[in-house]
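Participant: You'll find model-v5.txt just under this line, and it carries compact mmCIF, C-alpha atoms.
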```
# COMPACT_ATOMS: atom_id res chain seq x y z
CA MET A 17 7.46 -14.76 -32.96
CA TYR A 18 7.21 -11.27 -31.55
CA GLY A 19 6.08 -10.99 -27.99
CA ARG A 20 7.03 -14.48 -26.91
CA LYS A 21 9.95 -13.31 -24.80
CA GLY A 22 7.76 -10.80 -22.99
CA TYR A 23 5.28 -13.55 -22.28
CA GLN A 24 7.99 -15.83 -20.96
CA LEU A 25 9.29 -13.09 -18.70
CA LEU A 26 5.90 -12.65 -17.13
CA LYS A 27 5.33 -16.37 -16.85
CA ASP A 28 8.63 -16.61 -15.02
CA PHE A 29 7.45 -13.99 -12.60
CA ALA A 30 4.07 -15.62 -12.09
CA SER A 31 5.57 -19.05 -11.51
CA GLY A 32 7.19 -17.94 -8.28
CA GLU A 33 5.13 -18.20 -5.12
CA LYS A 34 2.75 -15.31 -4.73
CA GLY A 35 4.47 -12.60 -2.74
CA GLN A 36 7.92 -14.11 -3.09
CA LEU A 37 10.56 -12.86 -5.47
CA LYS A 38 12.60 -14.92 -7.84
CA PRO A 39 16.04 -13.70 -8.88
CA PHE A 40 15.82 -10.97 -11.48
CA ASN A 41 15.80 -12.62 -14.86
CA SER A 42 18.21 -10.27 -16.62
CA LYS A 43 18.77 -12.57 -19.58
CA LEU A 44 15.12 -12.61 -20.67
CA PHE A 45 14.78 -8.97 -19.75
CA ASP A 46 17.65 -7.91 -22.01
CA GLU A 47 16.42 -10.15 -24.80
CA THR A 48 13.02 -8.48 -24.65
CA ILE A 49 14.63 -5.08 -24.84
CA GLU A 50 16.63 -6.18 -27.87
CA GLU A 51 13.43 -7.29 -29.50
CA CYS A 52 11.98 -3.84 -28.84
CA ASP A 53 14.96 -2.25 -30.53
CA GLN A 54 14.59 -4.56 -33.50
CA ASN A 55 10.93 -3.71 -33.78
CA HIS A 56 11.74 -0.04 -33.65
CA HIS A 57 14.33 -0.26 -36.43
CA LEU A 58 12.02 -2.20 -38.66
CA LEU A 59 9.23 0.27 -37.92
CA GLN A 60 11.37 3.21 -38.81
CA SER A 61 12.65 1.61 -42.00
CA LEU A 62 9.12 0.83 -43.12
CA ILE A 63 8.00 4.39 -42.45
CA ARG A 64 10.99 5.74 -44.33
CA LYS A 65 10.17 3.44 -47.21
CA MET A 66 6.65 4.80 -47.35
CA GLN A 67 7.93 8.35 -47.24
CA GLN A 68 10.35 7.65 -50.08
CA GLU A 69 7.53 6.40 -52.16
CA ASP A 70 5.88 9.77 -51.48
CA LEU A 71 2.90 8.21 -49.86
CA ASP A 72 0.96 10.05 -47.21
CA VAL A 73 2.08 8.16 -44.15
CA PRO A 74 -0.83 8.39 -41.71
CA ASN A 75 -3.59 7.89 -44.23
CA ASN A 76 -2.28 5.42 -46.74
CA ARG A 77 -3.19 1.89 -45.99
CA ASN A 78 -0.87 -0.41 -47.82
CA ALA A 79 1.08 -3.47 -46.76
CA ASP A 80 3.93 -1.41 -45.36
CA HIS A 81 1.56 0.53 -43.18
CA TYR A 82 0.22 -2.62 -41.66
CA GLY A 83 3.73 -3.97 -41.23
CA ALA A 84 4.67 -0.81 -39.39
CA LEU A 85 1.51 -1.12 -37.29
CA ILE A 86 2.46 -4.64 -36.25
CA HIS A 87 5.91 -3.50 -35.18
CA HIS A 88 4.41 -0.63 -33.22
CA LEU A 89 1.88 -2.81 -31.45
CA SER A 90 4.46 -5.45 -30.67
CA LEU A 91 6.74 -2.78 -29.25
CA MET A 92 3.95 -1.46 -27.04
CA ARG A 93 3.12 -4.95 -25.85
CA ASN A 94 6.74 -5.61 -24.97
CA LYS A 95 6.89 -2.30 -23.15
CA ARG A 96 3.80 -3.23 -21.15
CA CYS A 97 5.26 -6.66 -20.32
CA LEU A 98 8.54 -5.17 -19.17
CA MET A 99 6.87 -2.50 -17.11
CA ALA A 100 4.49 -5.04 -15.57
CA TYR A 101 7.48 -7.17 -14.57
CA VAL A 102 9.28 -4.25 -12.96
CA TYR A 103 6.09 -2.89 -11.37
CA ASN A 104 5.13 -6.16 -9.75
CA ARG A 105 8.60 -6.71 -8.39
CA ALA A 106 8.57 -3.18 -7.03
CA GLU A 107 5.26 -3.95 -5.34
CA ILE A 108 6.81 -6.94 -3.61
CA VAL A 109 9.81 -4.83 -2.59
CA ARG A 110 7.47 -2.30 -0.97
CA ASP A 111 5.63 -5.11 0.78
CA LEU A 112 8.96 -6.34 2.17
CA ALA A 113 9.67 -2.90 3.53
CA TRP A 114 6.42 -3.00 5.49
CA ARG A 115 6.67 -6.54 6.73
CA VAL A 116 10.32 -7.01 7.53
CA GLY A 117 11.88 -3.66 8.21
CA LEU A 118 13.00 -0.42 6.71
CA GLU A 119 16.73 -1.05 6.79
CA LEU A 120 18.21 -2.77 3.77
CA LEU A 121 20.59 -4.74 5.95
CA ASP A 122 17.74 -6.20 7.94
CA LEU A 123 16.56 -8.20 4.97
CA PRO A 124 17.67 -11.82 5.13
CA SER A 125 20.47 -12.51 2.67
CA GLU A 126 18.41 -14.94 0.56
CA ILE A 127 16.13 -12.05 -0.33
CA GLN A 128 18.97 -9.60 -0.87
CA GLU A 129 20.45 -11.91 -3.51
CA LYS A 130 17.33 -11.81 -5.58
CA LEU A 131 17.18 -8.02 -5.86
CA THR A 132 19.14 -6.08 -8.43
CA SER A 133 21.11 -3.05 -7.32
CA LEU A 134 18.46 -0.78 -8.84
CA GLU A 135 15.79 -2.49 -6.79
CA LYS A 136 17.88 -2.02 -3.68
CA GLU A 137 18.11 1.67 -4.55
CA TYR A 138 14.34 1.76 -4.86
CA PHE A 139 13.97 0.01 -1.52
CA LYS A 140 16.21 2.58 0.13
CA ASN A 141 14.36 5.50 -1.43
CA HIS A 142 11.04 4.09 -0.41
CA SER A 143 12.19 3.54 3.17
CA VAL A 144 13.33 7.15 3.29
CA ALA A 145 9.91 8.30 2.10
CA LEU A 146 8.17 6.14 4.71
CA LYS A 147 10.46 7.24 7.52
CA SER A 148 9.98 10.90 6.71
CA TYR A 149 6.22 10.47 6.71
CA MET A 150 6.30 8.63 10.02
CA GLY A 151 8.53 11.32 11.43
CA LYS A 152 6.17 14.07 10.39
CA VAL A 153 3.11 12.36 11.71
CA GLY A 154 4.95 11.41 14.89
CA ILE A 155 3.67 7.87 15.04
CA GLU A 156 5.52 4.68 14.22
CA LEU A 157 3.56 2.71 11.74
CA ASN A 158 5.43 -0.56 11.51
CA VAL A 159 4.53 -1.88 14.90
CA ASP A 160 1.14 -3.27 15.84
CA MET A 161 0.50 -4.96 12.54
CA VAL A 162 -1.86 -7.40 14.18
CA PRO A 163 -4.74 -6.36 16.42
CA PRO A 164 -3.52 -6.69 20.00
CA LYS A 165 -5.15 -9.38 22.10
CA ASP A 166 -2.79 -9.25 25.04
CA PRO A 167 -0.22 -6.64 25.80
CA TYR A 168 2.33 -9.33 26.68
CA ILE A 169 3.11 -12.46 24.69
CA LYS A 170 5.23 -15.51 25.19
CA VAL A 171 8.03 -15.96 22.70
CA ARG A 172 10.75 -18.49 22.04
CA ILE A 173 14.05 -17.33 20.61
CA LEU A 174 15.09 -19.10 17.44
CA ASP A 175 18.38 -17.49 16.49
CA ASP A 176 21.28 -16.18 18.46
CA ILE A 177 20.55 -12.55 19.10
CA ASP A 178 23.25 -10.35 20.61
CA GLU A 179 23.21 -10.16 24.35
CA GLY A 180 21.91 -7.25 26.29
CA ILE A 181 19.16 -6.05 24.00
CA VAL A 182 17.46 -3.15 25.72
CA LEU A 183 13.72 -3.48 25.79
CA SER A 184 11.33 -0.84 27.00
CA ASP A 185 11.20 -2.06 30.57
CA LYS A 186 14.12 -4.46 31.14
CA THR A 187 17.29 -5.86 29.64
CA THR A 188 17.33 -9.54 29.01
CA ASN A 189 19.78 -12.06 27.73
CA PHE A 190 18.41 -13.80 24.69
CA ALA A 191 19.86 -17.26 24.58
CA ARG A 192 18.74 -19.62 21.84
CA HIS A 193 15.64 -21.68 22.62
CA SER A 194 14.87 -19.68 25.73
CA MET A 195 11.33 -18.51 26.34
CA HIS A 196 10.45 -15.01 27.45
CA PHE A 197 7.37 -13.03 28.33
CA LEU A 198 7.71 -9.81 26.39
CA LYS A 199 5.67 -6.80 25.46
CA ARG A 200 4.09 -7.27 22.07
CA THR A 201 5.49 -4.08 20.58
CA ASP A 202 9.02 -5.03 21.60
CA ALA A 203 8.88 -8.53 20.20
CA GLU A 204 7.26 -7.71 16.87
CA PRO A 205 10.36 -6.67 14.90
CA TYR A 206 12.16 -9.83 15.94
CA ILE A 207 9.20 -12.00 15.03
CA ALA A 208 8.97 -10.35 11.61
CA ARG A 209 12.62 -11.13 10.96
CA GLY A 210 12.17 -14.75 11.97
CA GLN A 211 14.40 -14.55 15.03
CA MET A 212 11.64 -15.28 17.51
CA GLU A 213 8.42 -17.16 17.33
CA GLU A 214 5.24 -16.53 19.22
CA LEU A 215 3.95 -19.33 21.39
CA THR A 216 0.20 -19.66 21.28
CA ASP A 217 -1.38 -22.37 23.28
CA MET B 4 -15.76 1.51 33.40
CA ALA B 5 -16.95 1.03 36.96
CA SER B 6 -15.36 3.47 39.33
CA SER B 7 -14.54 2.30 42.80
CA SER B 8 -13.91 4.66 45.68
CA GLU B 9 -10.16 4.34 45.16
CA VAL B 10 -10.31 5.78 41.73
CA GLY B 11 -13.26 8.03 42.49
CA GLY B 12 -11.33 11.18 41.80
CA SER B 13 -9.86 9.87 38.58
CA SER B 14 -13.01 8.48 37.00
CA ALA B 15 -13.81 11.97 35.77
CA ASP B 16 -10.30 12.10 34.35
CA TYR B 17 -10.91 8.81 32.65
CA GLU B 18 -14.00 10.16 30.97
CA THR B 19 -12.09 13.04 29.52
CA MET B 20 -9.21 10.77 28.63
CA MET B 21 -11.00 8.22 26.61
CA SER B 22 -14.24 9.82 25.48
CA THR B 23 -15.86 6.94 23.70
CA SER B 24 -17.36 9.04 20.96
CA ASP B 25 -13.90 9.80 19.59
CA VAL B 26 -12.86 6.18 19.67
CA GLU B 27 -16.15 5.25 18.02
CA LEU B 28 -15.53 7.79 15.29
CA LEU B 29 -12.03 6.47 14.76
CA LYS B 30 -13.34 2.92 14.57
CA ARG B 31 -15.91 3.97 12.03
CA ALA B 32 -13.37 5.84 9.90
CA TRP B 33 -11.03 2.84 10.10
CA ARG B 34 -13.70 0.38 9.01
CA ASN B 35 -14.80 2.54 6.11
CA GLU B 36 -11.24 3.06 4.98
CA LYS B 37 -10.48 -0.66 5.12
CA ALA B 38 -13.49 -1.65 3.07
CA ALA B 39 -13.46 1.06 0.41
CA PRO B 40 -11.50 0.44 -2.80
CA GLU B 41 -10.36 4.05 -3.12
CA ILE B 42 -8.99 6.49 -0.60
CA LEU B 43 -11.51 8.41 1.49
CA GLN B 44 -11.39 11.86 3.05
CA TYR B 45 -8.68 12.37 5.65
CA GLU B 46 -10.10 12.90 9.11
CA GLY B 47 -7.47 15.39 10.22
CA ALA B 48 -9.18 16.71 13.32
CA LEU B 49 -10.04 13.22 14.52
CA VAL B 50 -6.46 12.01 14.15
CA GLU B 51 -5.14 15.01 16.04
CA ARG B 52 -7.55 14.52 18.91
CA ALA B 53 -6.77 10.81 19.04
CA LYS B 54 -3.05 11.53 19.22
CA GLU B 55 -3.55 13.95 22.09
CA GLN B 56 -5.67 11.52 24.03
CA ILE B 57 -3.18 8.74 23.54
CA GLU B 58 -0.40 10.92 24.91
CA LEU B 59 -2.53 11.89 27.86
CA VAL B 60 -3.29 8.27 28.73
CA GLU B 61 0.37 7.29 28.35
CA GLU B 62 1.37 9.96 30.85
CA THR B 63 -1.32 8.89 33.26
CA ILE B 64 -0.21 5.28 33.04
CA GLU B 65 3.37 6.26 33.82
CA ASP B 66 2.12 8.21 36.79
CA TYR B 67 0.13 5.29 38.04
CA VAL B 68 3.06 2.90 37.67
CA GLU B 69 5.31 5.22 39.65
CA ASN B 70 2.73 5.71 42.34
CA GLY B 71 2.26 1.97 42.62
CA LYS B 72 -1.40 1.87 41.78
CA ASP B 73 -3.24 -1.40 41.42
CA PRO B 74 -1.39 -3.24 38.59
CA LEU B 75 -4.61 -4.75 37.27
CA LEU B 76 -5.99 -1.29 36.70
CA VAL B 77 -2.79 -0.20 35.03
CA SER B 78 -2.82 -3.13 32.67
CA LEU B 79 -6.45 -2.45 31.82
CA TYR B 80 -5.61 1.11 30.90
CA GLN B 81 -2.62 -0.21 28.98
CA MET B 82 -4.77 -2.59 26.97
CA ASP B 83 -7.23 0.12 26.14
CA LEU B 84 -4.39 2.34 25.08
CA ASP B 85 -2.94 -0.41 22.91
CA ARG B 86 -6.23 -0.91 21.19
CA THR B 87 -6.64 2.76 20.39
CA GLN B 88 -3.08 3.01 19.19
CA PHE B 89 -3.64 0.04 16.94
CA LEU B 90 -6.72 1.69 15.46
CA LEU B 91 -4.88 4.90 14.74
CA ARG B 92 -1.85 3.18 13.27
CA SER B 93 -3.93 0.84 11.16
CA TYR B 94 -6.00 3.74 9.84
CA LEU B 95 -2.90 5.61 8.69
CA ARG B 96 -1.35 2.39 7.36
CA VAL B 97 -4.36 1.47 5.26
CA ARG B 98 -4.31 4.94 3.73
CA LEU B 99 -0.62 4.71 2.95
CA LEU B 100 -1.06 1.32 1.33
CA LYS B 101 -3.81 2.69 -0.87
CA ILE B 102 -1.62 5.61 -1.84
CA GLU B 103 1.21 3.25 -2.71
CA LYS B 104 -1.07 1.09 -4.79
CA PHE B 105 -2.57 3.87 -6.88
CA MET B 106 0.30 6.33 -6.84
CA PHE B 107 -0.04 7.93 -10.20
CA HIS B 108 -3.80 8.00 -10.10
CA ASN B 109 -3.92 9.84 -6.78
CA LEU B 110 -1.67 12.57 -8.07
CA LYS B 111 -3.54 12.92 -11.32
CA SER B 112 -7.12 12.98 -10.12
CA GLU B 113 -8.02 16.20 -8.34
CA GLU B 114 -10.74 14.57 -6.35
CA ALA B 115 -8.34 12.05 -4.88
CA GLU B 116 -5.72 14.69 -4.18
CA ARG B 117 -8.13 16.69 -2.09
CA ARG B 118 -8.64 13.74 0.20
CA LEU B 119 -5.01 13.44 1.20
CA SER B 120 -3.49 15.23 4.16
CA GLU B 121 -0.46 17.48 3.65
CA GLN B 122 2.07 14.87 4.70
CA GLU B 123 0.35 12.21 2.63
CA ARG B 124 0.61 14.43 -0.41
CA VAL B 125 4.33 14.85 0.16
CA PHE B 126 4.67 11.11 0.61
CA ALA B 127 2.69 10.39 -2.54
CA THR B 128 4.77 12.75 -4.68
CA LYS B 129 7.99 11.28 -3.37
CA CYS B 130 6.71 7.73 -3.92
CA ALA B 131 5.67 8.49 -7.46
CA ASP B 132 9.02 10.12 -8.18
CA ASP B 133 10.87 7.11 -6.79
CA LEU B 134 8.86 4.69 -8.82
CA ALA B 135 9.18 6.75 -12.00
CA LYS B 136 12.92 6.94 -11.50
CA HIS B 137 13.06 3.20 -10.90
CA PHE B 138 11.10 2.54 -14.10
CA GLU B 139 13.29 4.87 -16.09
CA GLU B 140 16.49 3.32 -14.95
CA THR B 141 15.39 -0.27 -15.34
CA VAL B 142 13.37 -0.16 -18.52
CA LEU B 143 12.50 3.08 -20.13
CA LEU B 144 15.87 4.54 -20.95
CA LYS B 145 16.71 1.38 -22.85
CA LEU B 146 13.64 1.61 -25.02
CA PRO B 147 13.44 3.64 -28.25
CA GLU B 148 12.58 7.29 -27.98
CA ASN B 149 8.87 7.60 -28.49
CA TYR B 150 8.18 4.92 -25.94
CA GLN B 151 9.93 6.35 -22.93
CA SER B 152 7.03 7.84 -21.03
CA VAL B 153 6.00 6.36 -17.71
CA LEU B 154 2.35 7.22 -18.01
CA LYS B 155 1.66 6.84 -21.71
CA GLN B 156 2.14 3.75 -23.77
CA SER B 157 3.78 5.73 -26.54
CA GLN B 158 3.88 9.29 -27.80
CA ILE B 159 0.93 8.51 -29.98
CA SER B 160 -1.42 7.78 -27.07
CA GLU B 161 -3.69 10.67 -26.32
CA VAL B 162 -4.32 10.00 -22.68
CA ASP B 163 -2.16 8.57 -19.92
CA ASP B 164 -3.10 5.00 -20.46
CA MET B 165 -0.67 3.28 -18.16
CA VAL B 166 -2.11 4.50 -14.89
CA PRO B 167 -3.83 1.84 -12.77
CA GLN B 168 -7.05 3.10 -11.30
CA PRO B 169 -9.03 1.90 -8.31
CA HIS B 170 -11.91 -0.39 -9.18
CA LEU B 171 -14.99 1.52 -8.19
CA ASP B 172 -17.19 -1.36 -9.24
CA THR B 173 -16.19 -3.70 -6.45
CA PHE B 174 -18.97 -4.97 -4.28
CA VAL B 175 -19.01 -3.87 -0.66
CA VAL B 176 -21.16 -4.64 2.34
CA CYS B 177 -22.79 -1.58 3.78
CA ARG B 178 -25.32 -0.61 6.38
CA SER B 179 -27.31 2.55 6.27
CA ASN B 180 -27.94 4.88 9.19
CA ASN B 181 -30.94 6.62 7.81
CA PHE B 182 -33.52 6.07 5.21
CA VAL B 183 -31.68 6.47 1.90
CA SER B 184 -32.89 6.23 -1.65
CA LEU B 185 -30.20 5.72 -4.28
CA ASN B 186 -30.09 5.72 -8.02
CA LEU B 187 -28.91 2.31 -9.17
CA TYR B 188 -27.82 3.16 -12.67
CA GLU B 189 -25.93 5.94 -14.36
CA GLU B 190 -27.93 9.00 -15.20
CA GLY B 191 -29.68 8.78 -18.49
CA GLU B 192 -30.53 5.12 -18.19
CA SER B 193 -33.68 3.78 -16.65
CA PRO B 194 -33.65 5.26 -13.15
CA GLU B 195 -34.16 2.30 -10.87
CA THR B 196 -33.71 3.15 -7.25
CA VAL B 197 -32.86 1.08 -4.26
CA GLU B 198 -34.22 2.20 -0.94
CA MET B 199 -32.49 1.38 2.29
CA GLU B 200 -34.10 1.55 5.68
CA ARG B 201 -32.12 2.32 8.78
CA GLY B 202 -30.01 -0.64 9.79
CA ASP B 203 -30.43 -2.60 6.55
CA LEU B 204 -27.43 -4.53 5.26
CA TYR B 205 -26.73 -4.37 1.56
CA PHE B 206 -24.19 -6.01 -0.72
CA ILE B 207 -23.84 -3.47 -3.45
CA ARG B 208 -21.38 -1.91 -5.90
CA TYR B 209 -19.19 0.75 -4.33
CA LYS B 210 -19.90 3.34 -7.02
CA ILE B 211 -23.53 3.59 -6.03
CA VAL B 212 -23.01 4.26 -2.34
CA LYS B 213 -19.93 6.44 -2.75
CA GLY B 214 -21.70 9.74 -2.24
CA ALA B 215 -23.70 8.48 0.71
CA ILE B 216 -20.56 7.29 2.49
CA GLU B 217 -18.95 10.69 2.16
CA SER B 218 -21.95 12.37 3.71
CA GLY B 219 -22.00 9.83 6.51
CA GLN B 220 -25.34 8.27 5.79
CA ILE B 221 -23.99 4.83 5.06
CA ASP B 222 -21.26 2.84 6.77
CA LEU B 223 -19.13 0.13 5.24
CA ILE B 224 -18.56 -3.06 7.15
```
So that I can check it, write out the structure of this file as structure tokens.

Facilitator:
Amino acid sequence: MYGRKGYQLLKDFASGEKGQLKPFNSKLFDETIEECDQNHHLLQSLIRKMQQEDLDVPNNRNADHYGALIHHLSLMRNKRCLMAYVYNRAEIVRDLAWRVGLELLDLPSEIQEKLTSLEKEYFKNHSVALKSYMGKVGIELNVDMVPPKDPYIKVRILDDIDEGIVLSDKTTNFARHSMHFLKRTDAEPYIARGQMEELTD
Amino acid sequence: MASSSEVGGSSADYETMMSTSDVELLKRAWRNEKAAPEILQYEGALVERAKEQIELVEETIEDYVENGKDPLLVSLYQMDLDRTQFLLRSYLRVRLLKIEKFMFHNLKSEEAERRLSEQERVFATKCADDLAKHFEETVLLKLPENYQSVLKQSQISEVDDMVPQPHLDTFVVCRSNNFVSLNLYEEGESPETVEMERGDLYFIRYKIVKGAIESGQIDLI
């Protein structure tokens, strides 16, 4: 049945949690592409057959024409499915760049596993575009993602961060489970990466 | 801001520093941008002025900290500064996100292109190039020849049919500043109008109020 693989590919994508990536399903992806190739060959052979019978290809409506039409439509549908899959994953990759950080190495390894090398390339290119825009405008756009209520917040450290991180007004030693009173803009990148959590009481 | 005798001399500075009308304008632009489904006109002059004022306040705060001024006052200035910075950053961020979402459309439609600033245009072209390259490498080069275009479904399509466009039909909440009378339907159909008094709240399709927002008569909430 033509088009089933494309449908399965998209269902696989949709079955992940919204906003989270699943590992790139290369098997289904390649199978769908093979199906496209098949469709294309059959389409071309049908058109050739019609030409050999000296029939006017665009205007003659016989069984071969409709067969060719089905192959063409199925090919377009597969193309749309494939592109939708890639497009939606790319959207999530861009979202990651905003939320977590612009450096590829900052992404936690569980996420890095799920991206193909091409997607990592795309991530890098996109970060470069963002950084150059931010440089030109002169304002950093990844901080302050949440409207500021207080300039200082209480945080608790969750992971071992290297010692001697330099913050804007002091150097502190971040031991695990310690609590600190930091400036919001300083703490935000760590919170986004899951290394600190904000204490709200 | 109440000015005590200590800060008597600097209250005039404060007025020039944080002239509320600019912050109000920025807030208004930010709210409109957040609520609208498509990208709106770039407020270049406003952004420039806001940047200058932010720098000015930052310098003043540093001065105050060095001179040991009342820390409460300093932290009040700091909070105000943070809020304005957040507004500015969020405004630019919302615009970038809209550009990212409707990349190809923004570069194709002349109207949308006019609304971008110079740097945003550069960003949008680079973004679109990146995405097109990504598509080509992952999918399109593996497909048969007539189907390799990013924007068209196949060579047979007459228009670029794979470009996602912003939904101008979404409903938005708006409030009007003046008395406005709008045509509810497309031209040619029965011209029903909706009339809005000053301060009325309406829940209406974006398409209808689009022109009024650009001219500043209506605000989105």

Participant: Please check which residues have atoms at most 7 Å from (-13.0, 5.8, 9.4) in the file's coordinates, counting all atoms listed in the file, and write them as a ChimeraX atom specification.

Facilitator: /B:28-36

Participant: In Å, how far is it from CA of Tyr80 (chain B) to CA of Ile57 (chain B)?

Facilitator: 10.9 Å

Participant: Between B:Val197, B:Glu113, B:Ala215, B:Lys210, single out the one closest to Leu171 (chain B), counting all atoms listed in the file.

Facilitator: B:Lys210

Participant: Would you kindly return, as a list of chain:residue names, each protein, DNA or RNA residue with an atom no farther than 10 Å from any atom of region 79-81 of chain A, considering all atoms listed in the file and excluding same-chain residues fewer than 6 positions away?

Facilitator: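 So, after excluding close chain neighbours, the residues are A:Leu59, A:Ser61, A:Leu62, A:Ile63, A:Lys65, A:Met66, A:Val73, A:His87.
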
Participant: For Ala131 (chain B), list every protein, DNA or RNA residue within 9 Å, evaluated using all atoms listed in the file, and leave out those in the same chain fewer than 6 positions away; present the list as a PyMOL selection string.

Facilitator: chain B and resi 103+106-107+110

Participant: Counting only C-alpha atoms, collect the residues of chain B whose closest atom lies at most 8 Å from chain A, and write them out as a list in words.

Facilitator: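 For chain B, the answer reads Gln81, Met82, Asp85, Arg86, Phe89, Arg92, Ser93, Leu95, Arg96, Gln122, Glu123, Phe126, Lys129, Cys130, Asp133, Leu134, His137, Phe138, Glu140, Thr141, Val142, Lys145, Leu146, Pro147, Tyr150, Gln156 and Ser157 of chain B.
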
Participant: Between A:Glu119, A:Ala113, A:Glu204, A:Ile108, single out the one closest to Gly32 (chain A), counting all atoms listed in the file.

Facilitator: A:Ile108

Participant: For a quick check of understanding, using only C-alpha atoms, which of B:Glu27, B:Leu204, B:Asp222, B:His108 has the smallest distance to Met165 (chain B)?

Facilitator: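 Under the stated criterion, the closest residue is B:His108.
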
Participant: What's around Gly202 (chain B) at 9 Å? Count only C-alpha atoms, leave out sequence neighbours fewer than 4 positions away in its own chain, and write the answer as a PyMOL selection string.

Facilitator: chain B and resi 178-182

Participant: Could you check how far CA of Val68 (chain B) sits from CA of Glu213 (chain A), in Å to one decimal?

Facilitator: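 So the answer is 29.1 Å.
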
Participant: Which residue is closest to Ala84 (chain A)? Choose from A:Gln60, A:Gln128, A:Gln36, A:Ser133 and count all atoms listed in the file.

Facilitator: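 Closest to Ala84 (chain A) of all the choices is A:Gln60.
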
Participant: Measure the distance from CA of Gly22 (chain A) to CA of Ile127 (chain A) in Å and round it to one decimal.

Facilitator: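 Calculated distance between CA of Gly22 (chain A) and CA of Ile127 (chain A) is 24.2 Å.
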
Participant: Please determine, counting all atoms listed in the file, which residue among B:Glu121, B:Asp66, B:Asp83, B:Asp203 has the shortest atom-to-atom distance to Glu46 (chain B).

Facilitator: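 Counting all atoms listed in the file, the residue closest to Glu46 (chain B) is B:Glu121.
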
Participant: For region 37-44 of chain B, please output as a ChimeraX atom specification all residues within 8 Å (counting only C-alpha atoms; exclusion window: fewer than 5 positions along the same chain).

Facilitator: /B:94,97-98,101-102,115,117-119,169-171,173,175,209,217,223-224

Participant: With C-alpha atoms retained, export the selected residues as a compact mmCIF listing (two decimals), keeping the file's coordinate frame.

Facilitator:
```txt
# COMPACT_ATOMS: atom_id res chain seq x y z
CA TYR B 94 -6.00 3.74 9.84
CA VAL B 97 -4.36 1.47 5.26
CA ARG B 98 -4.31 4.94 3.73
CA LYS B 101 -3.81 2.69 -0.87
CA ILE B 102 -1.62 5.61 -1.84
CA ALA B 115 -8.34 12.05 -4.88
CA ARG B 117 -8.13 16.69 -2.09
CA ARG B 118 -8.64 13.74 0.20
CA LEU B 119 -5.01 13.44 1.20
CA PRO B 169 -9.03 1.90 -8.31
CA HIS B 170 -11.91 -0.39 -9.18
CA LEU B 171 -14.99 1.52 -8.19
CA THR B 173 -16.19 -3.70 -6.45
CA VAL B 175 -19.01 -3.87 -0.66
CA TYR B 209 -19.19 0.75 -4.33
CA GLU B 217 -18.95 10.69 2.16
CA LEU B 223 -19.13 0.13 5.24
CA ILE B 224 -18.56 -3.06 7.15
```

Participant: Quick one: residues within 12 Å of Tyr67 (chain B), only C-alpha atoms counted, chain neighbours fewer than 2 positions away excluded, as a ChimeraX atom specification?

Facilitator: /B:10,13,60-65,69-81
